[in-house]
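What follows is my_file26.csv (CSV, C-alpha atoms and all ligand atoms).
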```csv
chain,number,residue,atom,x,y,z
A,1,MET,CA,0.0,0.0,0.0
A,2,ARG,CA,1.4,3.4,-1.1
A,3,LEU,CA,0.2,6.9,-0.3
A,4,ARG,CA,1.6,10.2,-1.7
A,5,VAL,CA,0.9,13.3,0.4
A,6,ILE,CA,0.8,16.2,-2.0
A,7,GLY,CA,0.9,19.9,-1.2
A,8,VAL,CA,-1.4,21.7,-3.6
A,9,GLY,CA,-0.4,25.3,-2.9
A,10,PRO,CA,-2.3,28.2,-1.4
A,11,GLY,CA,-5.2,28.4,-3.9
A,12,ASP,CA,-4.3,29.2,-7.5
A,13,PRO,CA,-4.2,25.7,-9.2
A,14,GLY,CA,-1.4,27.1,-11.4
A,15,LEU,CA,0.8,26.8,-8.3
A,16,ILE,CA,0.5,23.0,-8.0
A,17,THR,CA,3.8,21.4,-8.9
A,18,LEU,CA,4.1,19.4,-12.1
A,19,LYS,CA,4.9,16.3,-10.0
A,20,GLY,CA,1.9,16.9,-7.8
A,21,TYR,CA,-0.3,17.3,-10.8
A,22,GLN,CA,1.0,14.1,-12.5
A,23,LEU,CA,0.5,12.0,-9.4
A,24,ILE,CA,-3.0,13.3,-8.8
A,25,ASN,CA,-3.9,12.8,-12.4
A,26,SER,CA,-2.7,9.2,-12.5
A,27,SER,CA,-4.3,8.2,-9.2
A,28,ARG,CA,-7.7,6.5,-9.0
A,29,LEU,CA,-8.0,7.2,-5.3
A,30,VAL,CA,-7.9,10.7,-3.8
A,31,PHE,CA,-8.2,11.5,0.0
A,32,TYR,CA,-9.0,15.1,0.8
A,33,PRO,CA,-9.2,16.8,4.2
A,34,THR,CA,-12.1,18.9,5.6
A,35,GLY,CA,-11.8,20.9,8.7
A,36,GLY,CA,-14.1,23.9,9.0
A,37,LYS,CA,-16.5,24.5,6.3
A,38,ASP,CA,-14.1,24.3,3.3
A,39,ALA,CA,-12.7,21.4,1.4
A,40,LEU,CA,-10.2,23.9,0.0
A,41,ALA,CA,-7.5,21.5,-1.2
A,42,LEU,CA,-10.1,19.6,-3.2
A,43,SER,CA,-11.6,22.8,-4.7
A,44,ILE,CA,-8.1,23.8,-5.9
A,45,VAL,CA,-7.5,20.4,-7.6
A,46,LYS,CA,-11.0,20.4,-9.1
A,47,ARG,CA,-10.1,23.5,-11.0
A,48,LEU,CA,-7.1,21.9,-12.5
A,49,LEU,CA,-8.3,18.5,-13.7
A,50,PRO,CA,-11.5,16.4,-13.9
A,51,LEU,CA,-12.0,14.1,-10.9
A,52,ASP,CA,-15.1,12.2,-12.1
A,53,ASP,CA,-13.2,9.0,-12.7
A,54,LYS,CA,-11.6,9.0,-9.2
A,55,GLU,CA,-12.8,7.7,-5.9
A,56,LEU,CA,-12.8,10.8,-3.6
A,57,VAL,CA,-12.7,10.1,0.1
A,58,GLU,CA,-13.3,12.8,2.7
A,59,LEU,CA,-11.2,12.8,5.8
A,60,HIS,CA,-12.5,15.0,8.5
A,61,PHE,CA,-9.9,16.7,10.7
A,62,PRO,CA,-11.7,18.5,13.6
A,63,MET,CA,-10.5,22.0,14.4
A,64,LYS,CA,-10.3,21.3,18.1
A,65,LYS,CA,-7.6,20.5,20.6
A,66,GLY,CA,-7.1,17.7,23.1
A,67,SER,CA,-6.6,14.0,22.6
A,68,LEU,CA,-7.9,12.9,19.3
A,69,LYS,CA,-6.2,9.6,19.2
A,70,GLU,CA,-9.4,7.7,18.7
A,71,HIS,CA,-10.4,10.0,15.8
A,72,TRP,CA,-6.9,9.5,14.2
A,73,THR,CA,-7.2,5.7,14.4
A,74,GLY,CA,-10.6,5.9,12.9
A,75,LEU,CA,-9.2,7.9,9.9
A,76,VAL,CA,-6.3,5.4,9.6
A,77,SER,CA,-8.7,2.5,9.4
A,78,LEU,CA,-10.7,4.3,6.7
A,79,ILE,CA,-7.5,5.0,4.7
A,80,ILE,CA,-6.3,1.4,5.0
A,81,GLU,CA,-9.7,0.1,3.9
A,82,TYR,CA,-9.5,2.1,0.6
A,83,LEU,CA,-5.8,1.4,0.1
A,84,GLN,CA,-6.5,-2.4,0.4
A,85,LYS,CA,-8.8,-2.0,-2.6
A,86,TYR,CA,-6.8,0.5,-4.7
A,87,VAL,CA,-3.2,-0.4,-3.5
A,88,GLU,CA,-2.1,3.3,-3.9
A,89,GLY,CA,-3.6,6.7,-3.6
A,90,VAL,CA,-2.9,10.4,-2.9
A,91,PHE,CA,-3.8,12.7,0.0
A,92,ILE,CA,-4.0,16.3,-1.0
A,93,THR,CA,-3.3,19.1,1.4
A,94,LEU,CA,-3.2,22.9,1.3
A,95,GLY,CA,0.1,24.8,0.8
A,96,ASP,CA,3.1,22.8,1.7
A,97,PRO,CA,2.8,19.7,4.0
A,98,ALA,CA,5.8,20.9,5.9
A,99,TYR,CA,3.7,23.5,7.8
A,100,TYR,CA,0.9,22.6,10.2
A,101,CYS,CA,-0.4,19.7,8.1
A,102,THR,CA,-2.7,17.6,10.2
A,103,PHE,CA,-1.9,14.5,8.1
A,104,TYR,CA,1.3,14.1,10.2
A,105,TYR,CA,-0.9,13.1,13.1
A,106,LEU,CA,-1.9,10.0,11.1
A,107,PHE,CA,1.6,9.3,9.7
A,108,PRO,CA,3.1,7.1,12.4
A,109,TYR,CA,-0.1,4.9,12.6
A,110,LEU,CA,-0.1,4.4,8.8
A,111,VAL,CA,3.5,3.5,8.7
A,112,GLU,CA,2.9,1.1,11.6
A,113,ARG,CA,0.2,-0.5,9.4
A,114,GLY,CA,2.6,-1.0,6.6
A,115,VAL,CA,1.7,2.0,4.3
A,116,GLU,CA,4.6,3.4,2.4
A,117,ILE,CA,4.3,7.2,2.5
A,118,LYS,CA,6.1,9.9,0.4
A,119,PHE,CA,5.6,13.6,0.7
A,120,ILE,CA,5.5,16.0,-2.3
A,121,PRO,CA,6.2,19.6,-1.3
A,122,GLY,CA,3.9,22.4,-2.3
A,123,ILE,CA,4.1,26.2,-2.3
A,124,SER,CA,3.3,27.5,1.2
A,125,SER,CA,0.8,30.3,1.7
A,126,PHE,CA,3.5,32.5,3.0
A,127,SER,CA,5.9,31.8,0.1
A,128,ALA,CA,3.1,32.9,-2.1
A,129,GLY,CA,2.5,35.9,0.2
A,130,SER,CA,6.2,36.9,0.0
A,131,SER,CA,6.1,36.9,-3.8
A,132,LEU,CA,2.8,38.9,-4.0
A,133,PHE,CA,4.0,41.5,-1.4
A,134,SER,CA,7.4,41.6,-3.2
A,135,ILE,CA,9.3,41.2,0.0
A,136,PRO,CA,11.9,38.6,0.9
A,137,LEU,CA,11.4,36.4,3.9
A,138,ALA,CA,15.1,36.2,4.5
A,139,LEU,CA,18.1,38.1,3.1
A,140,GLY,CA,21.8,37.8,4.0
A,141,GLU,CA,22.0,36.7,7.7
A,142,ASP,CA,18.3,37.2,8.5
A,143,ILE,CA,16.5,34.8,10.7
A,144,VAL,CA,12.9,33.8,10.2
A,145,ALA,CA,10.2,32.4,12.6
A,146,VAL,CA,7.0,30.7,11.6
A,147,VAL,CA,4.4,30.7,14.4
A,148,PRO,CA,0.6,30.1,14.9
A,149,GLY,CA,-1.4,33.1,16.0
A,150,GLU,CA,-2.1,31.7,19.4
A,151,ARG,CA,1.6,31.5,20.3
A,152,PHE,CA,2.4,35.0,19.1
A,153,LYS,CA,1.9,37.0,22.3
A,154,ARG,CA,3.4,34.3,24.6
A,155,GLU,CA,6.5,34.1,22.4
A,156,TRP,CA,7.0,37.8,21.7
A,157,GLU,CA,10.0,38.2,24.0
A,158,ARG,CA,11.9,35.8,21.7
A,159,LEU,CA,10.1,36.7,18.4
A,160,GLN,CA,11.1,40.3,18.5
A,161,PHE,CA,14.7,39.4,17.7
A,162,PHE,CA,13.8,37.8,14.4
A,163,ASP,CA,14.0,39.7,11.1
A,164,THR,CA,10.8,38.1,9.7
A,165,ILE,CA,7.9,36.6,11.6
A,166,VAL,CA,5.3,34.7,9.7
A,167,VAL,CA,2.1,34.2,11.6
A,168,LEU,CA,-0.3,31.6,10.4
A,169,LYS,CA,-3.8,30.9,11.8
A,170,ALA,CA,-3.7,34.6,12.5
A,171,LYS,CA,-7.4,35.5,12.3
A,172,ASN,CA,-8.3,35.8,16.0
A,173,TYR,CA,-5.1,37.6,16.9
A,174,LEU,CA,-4.8,40.2,14.2
A,175,ARG,CA,-5.2,43.2,16.5
A,176,GLU,CA,-2.5,42.1,18.9
A,177,ILE,CA,-0.1,41.1,16.2
A,178,VAL,CA,-0.4,44.3,14.3
A,179,ASP,CA,-0.2,46.6,17.4
A,180,THR,CA,2.7,44.7,18.9
A,181,ALA,CA,4.7,44.5,15.8
A,182,LYS,CA,4.2,48.2,14.8
A,183,LEU,CA,5.5,49.2,18.2
A,184,LYS,CA,8.8,47.5,17.5
A,185,GLY,CA,9.1,48.9,14.0
A,186,PHE,CA,8.1,45.9,11.9
A,187,LYS,CA,6.3,46.4,8.7
A,188,VAL,CA,3.1,44.4,8.7
A,189,TYR,CA,1.6,42.6,5.7
A,190,VAL,CA,-1.7,40.8,6.0
A,191,GLY,CA,-2.8,38.3,3.4
A,192,TYR,CA,-6.3,36.9,3.2
A,193,ARG,CA,-7.1,33.9,0.9
A,194,ILE,CA,-3.9,34.5,-1.0
A,195,THR,CA,-4.0,33.6,-4.7
A,196,GLN,CA,-7.7,32.7,-4.4
A,197,GLU,CA,-10.6,34.6,-6.1
A,198,ASP,CA,-11.4,36.7,-3.0
A,199,GLU,CA,-7.8,37.5,-2.2
A,200,VAL,CA,-7.1,40.6,-0.1
A,201,LEU,CA,-3.5,41.8,0.3
A,202,LEU,CA,-2.8,44.6,2.8
A,203,SER,CA,0.7,46.0,2.5
A,204,ASP,CA,2.7,47.7,5.3
A,205,ILE,CA,-0.4,48.5,7.2
A,206,GLU,CA,-0.2,51.2,9.9
A,207,ASN,CA,-2.8,50.0,12.4
A,208,PHE,CA,-5.4,47.3,12.8
A,209,SER,CA,-8.4,49.4,11.7
A,210,VAL,CA,-6.7,50.4,8.5
A,211,ASP,CA,-9.2,48.5,6.4
A,212,GLU,CA,-12.6,47.4,7.5
A,213,LYS,CA,-12.3,44.3,5.2
A,214,VAL,CA,-10.1,42.8,8.0
A,215,GLU,CA,-13.2,42.3,10.1
A,216,HIS,CA,-14.5,39.7,7.6
A,217,PHE,CA,-11.4,37.7,7.3
A,218,ASP,CA,-11.7,34.0,8.1
A,219,TYR,CA,-9.3,31.2,8.9
A,220,PHE,CA,-7.3,31.7,5.7
A,221,THR,CA,-5.5,34.8,7.0
A,222,LEU,CA,-1.8,35.2,7.6
A,223,THR,CA,0.6,38.0,8.5
A,224,ILE,CA,4.2,38.6,7.6
A,225,LEU,CA,6.1,40.9,9.8
A,226,ARG,CA,9.3,42.2,8.3
A,227,ARG,CA,11.8,44.3,10.2
A,228,GLY,CA,11.6,47.9,8.8
B,1,LIG,C1,-3.2,24.5,9.0
B,1,LIG,S1,-2.3,25.8,8.4
B,1,LIG,C2,-1.8,25.1,6.8
B,1,LIG,C3,-0.6,25.9,6.2
B,1,LIG,C4,-0.2,25.3,4.9
B,1,LIG,N1,0.3,24.0,5.0
B,1,LIG,C5,0.8,26.2,4.1
B,1,LIG,O1,1.9,25.7,3.7
B,1,LIG,O2,0.5,27.4,3.9
B,1,LIG,C6,-3.6,26.9,7.9
B,1,LIG,C7,-3.2,28.3,7.9
B,1,LIG,O3,-2.4,28.6,6.7
B,1,LIG,C8,-2.6,29.9,6.3
B,1,LIG,N2,-3.1,29.9,4.9
B,1,LIG,C9,-3.3,28.8,4.1
B,1,LIG,N3,-3.7,29.1,2.9
B,1,LIG,C10,-3.8,30.5,2.9
B,1,LIG,C11,-4.1,31.4,1.9
B,1,LIG,N4,-4.4,31.1,0.6
B,1,LIG,N5,-4.1,32.7,2.2
B,1,LIG,C12,-3.7,33.1,3.5
B,1,LIG,N6,-3.4,32.3,4.5
B,1,LIG,C13,-3.4,30.9,4.2
B,1,LIG,C14,-3.7,30.6,7.2
B,1,LIG,O4,-3.0,31.3,8.2
B,1,LIG,C15,-4.3,29.3,7.8
B,1,LIG,O5,-4.9,29.6,9.1
```

Written form, structure tokens:
Amino acid sequence: MRLRVIGVGPGDPGLITLKGYQLINSSRLVFYPTGGKDALALSIVKRLLPLDDKELVELHFPMKKGSLKEHWTGLVSLIIEYLQKYVEGVFITLGDPAYYCTFYYLFPYLVERGVEIKFIPGISSFSAGSSLFSIPLALGEDIVAVVPGERFKREWERLQFFDTIVVLKAKNYLREIVDTAKLKGFKVYVGYRITQEDEVLLSDIENFSVDEKVEHFDYFTLTILRRG
């Protein structure tokens, strides 16, 4: 049994790698994640190639904390059931699997059950953001941190010494991120649904209330803080 875990980029199907495309295209079995309301990875792939001839299997990853071991083992059994039938398949995931990809919770259990797994990198949301804002994430001897919004405040004592701080899952923490970073002279970039149809990019914003659109931002929001 073989599974390829493929990063499909931040939204624009043109940002899926050629290798990712070829593997999805040739696979008869596609696992896709759902978390909140969106099956975003699936909607990206659907815009690139027809999926009618494929078995699509939803894997629900709850957006809550705590011990989810039972839930993970349930998902693992479902994956194994399908892999026993199809022998190989792909799991698609948003951005690059290297960052906050919940599939990694299943990884050790699947390996234990004899599944051979390979990861195919994708373009992360903040790599795409860096390009669209025309700013580097690192230059020369710069150091970069990537953090989830909920750790931002707690880690600020350490974070303030980085040259670039990428904050993912930033939605509920935007005000404190922007206000704190501005005080220390960072330029603040906010990206909402980067490379998707309803993308909003706010460059070098001065304060949180700079744009009322911010109030409507959902989970797919990130910030890049770059030392000025
Ligand atoms: C679970 S993490 C997954 C990150 C993903 N693996 C990546 O490489 O970008 C989800 C967070 O990524 C960020 N994100 C993913 N896609 C995005 C997009 N198109 N625009 C802005 N932020 C995005 C948001 O901060 C969101 O809360």

* To do: Name the residues, by chain letter and number, that sit within 10 Å of ligand LIG 1 (chain B) using all atoms listed in the file, and give them as JSON, numbers by chain.
  => {"A": [7, 8, 9, 10, 11, 12, 35, 40, 41, 63, 93, 94, 95, 96, 97, 98, 99, 100, 101, 102, 121, 122, 123, 124, 125, 126, 127, 128, 129, 147, 148, 149, 166, 167, 168, 169, 170, 171, 172, 190, 191, 192, 193, 194, 195, 196, 197, 198, 199, 200, 201, 217, 218, 219, 220, 221, 222, 223]}

Keeping C-alpha atoms, export the residues of the selection given above as an mmCIF file, in the coordinates of the input.
```cif
data_model
loop_
_atom_site.group_PDB
_atom_site.id
_atom_site.type_symbol
_atom_site.label_atom_id
_atom_site.label_comp_id
_atom_site.auth_asym_id
_atom_site.auth_seq_id
_atom_site.Cartn_x
_atom_site.Cartn_y
_atom_site.Cartn_z
ATOM 1 C CA GLY A 7 0.900 19.900 -1.200
ATOM 2 C CA VAL A 8 -1.400 21.700 -3.600
ATOM 3 C CA GLY A 9 -0.400 25.300 -2.900
ATOM 4 C CA PRO A 10 -2.300 28.200 -1.400
ATOM 5 C CA GLY A 11 -5.200 28.400 -3.900
ATOM 6 C CA ASP A 12 -4.300 29.200 -7.500
ATOM 7 C CA GLY A 35 -11.800 20.900 8.700
ATOM 8 C CA LEU A 40 -10.200 23.900 0.000
ATOM 9 C CA ALA A 41 -7.500 21.500 -1.200
ATOM 10 C CA MET A 63 -10.500 22.000 14.400
ATOM 11 C CA THR A 93 -3.300 19.100 1.400
ATOM 12 C CA LEU A 94 -3.200 22.900 1.300
ATOM 13 C CA GLY A 95 0.100 24.800 0.800
ATOM 14 C CA ASP A 96 3.100 22.800 1.700
ATOM 15 C CA PRO A 97 2.800 19.700 4.000
ATOM 16 C CA ALA A 98 5.800 20.900 5.900
ATOM 17 C CA TYR A 99 3.700 23.500 7.800
ATOM 18 C CA TYR A 100 0.900 22.600 10.200
ATOM 19 C CA CYS A 101 -0.400 19.700 8.100
ATOM 20 C CA THR A 102 -2.700 17.600 10.200
ATOM 21 C CA PRO A 121 6.200 19.600 -1.300
ATOM 22 C CA GLY A 122 3.900 22.400 -2.300
ATOM 23 C CA ILE A 123 4.100 26.200 -2.300
ATOM 24 C CA SER A 124 3.300 27.500 1.200
ATOM 25 C CA SER A 125 0.800 30.300 1.700
ATOM 26 C CA PHE A 126 3.500 32.500 3.000
ATOM 27 C CA SER A 127 5.900 31.800 0.100
ATOM 28 C CA ALA A 128 3.100 32.900 -2.100
ATOM 29 C CA GLY A 129 2.500 35.900 0.200
ATOM 30 C CA VAL A 147 4.400 30.700 14.400
ATOM 31 C CA PRO A 148 0.600 30.100 14.900
ATOM 32 C CA GLY A 149 -1.400 33.100 16.000
ATOM 33 C CA VAL A 166 5.300 34.700 9.700
ATOM 34 C CA VAL A 167 2.100 34.200 11.600
ATOM 35 C CA LEU A 168 -0.300 31.600 10.400
ATOM 36 C CA LYS A 169 -3.800 30.900 11.800
ATOM 37 C CA ALA A 170 -3.700 34.600 12.500
ATOM 38 C CA LYS A 171 -7.400 35.500 12.300
ATOM 39 C CA ASN A 172 -8.300 35.800 16.000
ATOM 40 C CA VAL A 190 -1.700 40.800 6.000
ATOM 41 C CA GLY A 191 -2.800 38.300 3.400
ATOM 42 C CA TYR A 192 -6.300 36.900 3.200
ATOM 43 C CA ARG A 193 -7.100 33.900 0.900
ATOM 44 C CA ILE A 194 -3.900 34.500 -1.000
ATOM 45 C CA THR A 195 -4.000 33.600 -4.700
ATOM 46 C CA GLN A 196 -7.700 32.700 -4.400
ATOM 47 C CA GLU A 197 -10.600 34.600 -6.100
ATOM 48 C CA ASP A 198 -11.400 36.700 -3.000
ATOM 49 C CA GLU A 199 -7.800 37.500 -2.200
ATOM 50 C CA VAL A 200 -7.100 40.600 -0.100
ATOM 51 C CA LEU A 201 -3.500 41.800 0.300
ATOM 52 C CA PHE A 217 -11.400 37.700 7.300
ATOM 53 C CA ASP A 218 -11.700 34.000 8.100
ATOM 54 C CA TYR A 219 -9.300 31.200 8.900
ATOM 55 C CA PHE A 220 -7.300 31.700 5.700
ATOM 56 C CA THR A 221 -5.500 34.800 7.000
ATOM 57 C CA LEU A 222 -1.800 35.200 7.600
ATOM 58 C CA THR A 223 0.600 38.000 8.500
#
```

* To do: Give the answer as one residue: which of A:Tyr86, A:Trp72, A:Phe133, A:Phe161 has the shortest atom-to-atom distance to Ser27 of chain A, using all atoms listed in the file?
  =>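 Checking each of A:Tyr86, A:Trp72, A:Phe133, A:Phe161 against Ser27 of chain A, counting all atoms listed in the file, the winner is A:Tyr86.
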
* Asked: atom CA of Leu106 of chain A and atom CA of Leu51 of chain A are how many Å apart?
  ->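 Here the two named atoms are 24.6 Å from each other.
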
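Among A:Val188, A:Leu68, A:Val144, A:Leu3, the residue with the shortest atom-to-atom distance to Leu83 of chain A, counting only C-alpha atoms, is A:Leu3.
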
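Relative to atom CA of Lys118 of chain A, atom CA of Leu18 of chain A is found at 15.8 Å.
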
* Selected residue, from A:Ser130, A:Leu159, A:Lys182, A:Met1, that lies nearest to Gly114 of chain A when counting all atoms listed in the file ->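 Closest candidate: A:Met1.
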
* Quick one: pull the distance between atom CA of Gly66 of chain A and atom CA of Pro108 of chain A, Å, one decimal. => 18.2 Å

* Check the smallest atom-to-atom distance from each of A:Val57, A:Leu225, A:Ile79, A:Leu110 to Ile135 of chain A using all atoms listed in the file, then report the winner. => A:Leu225
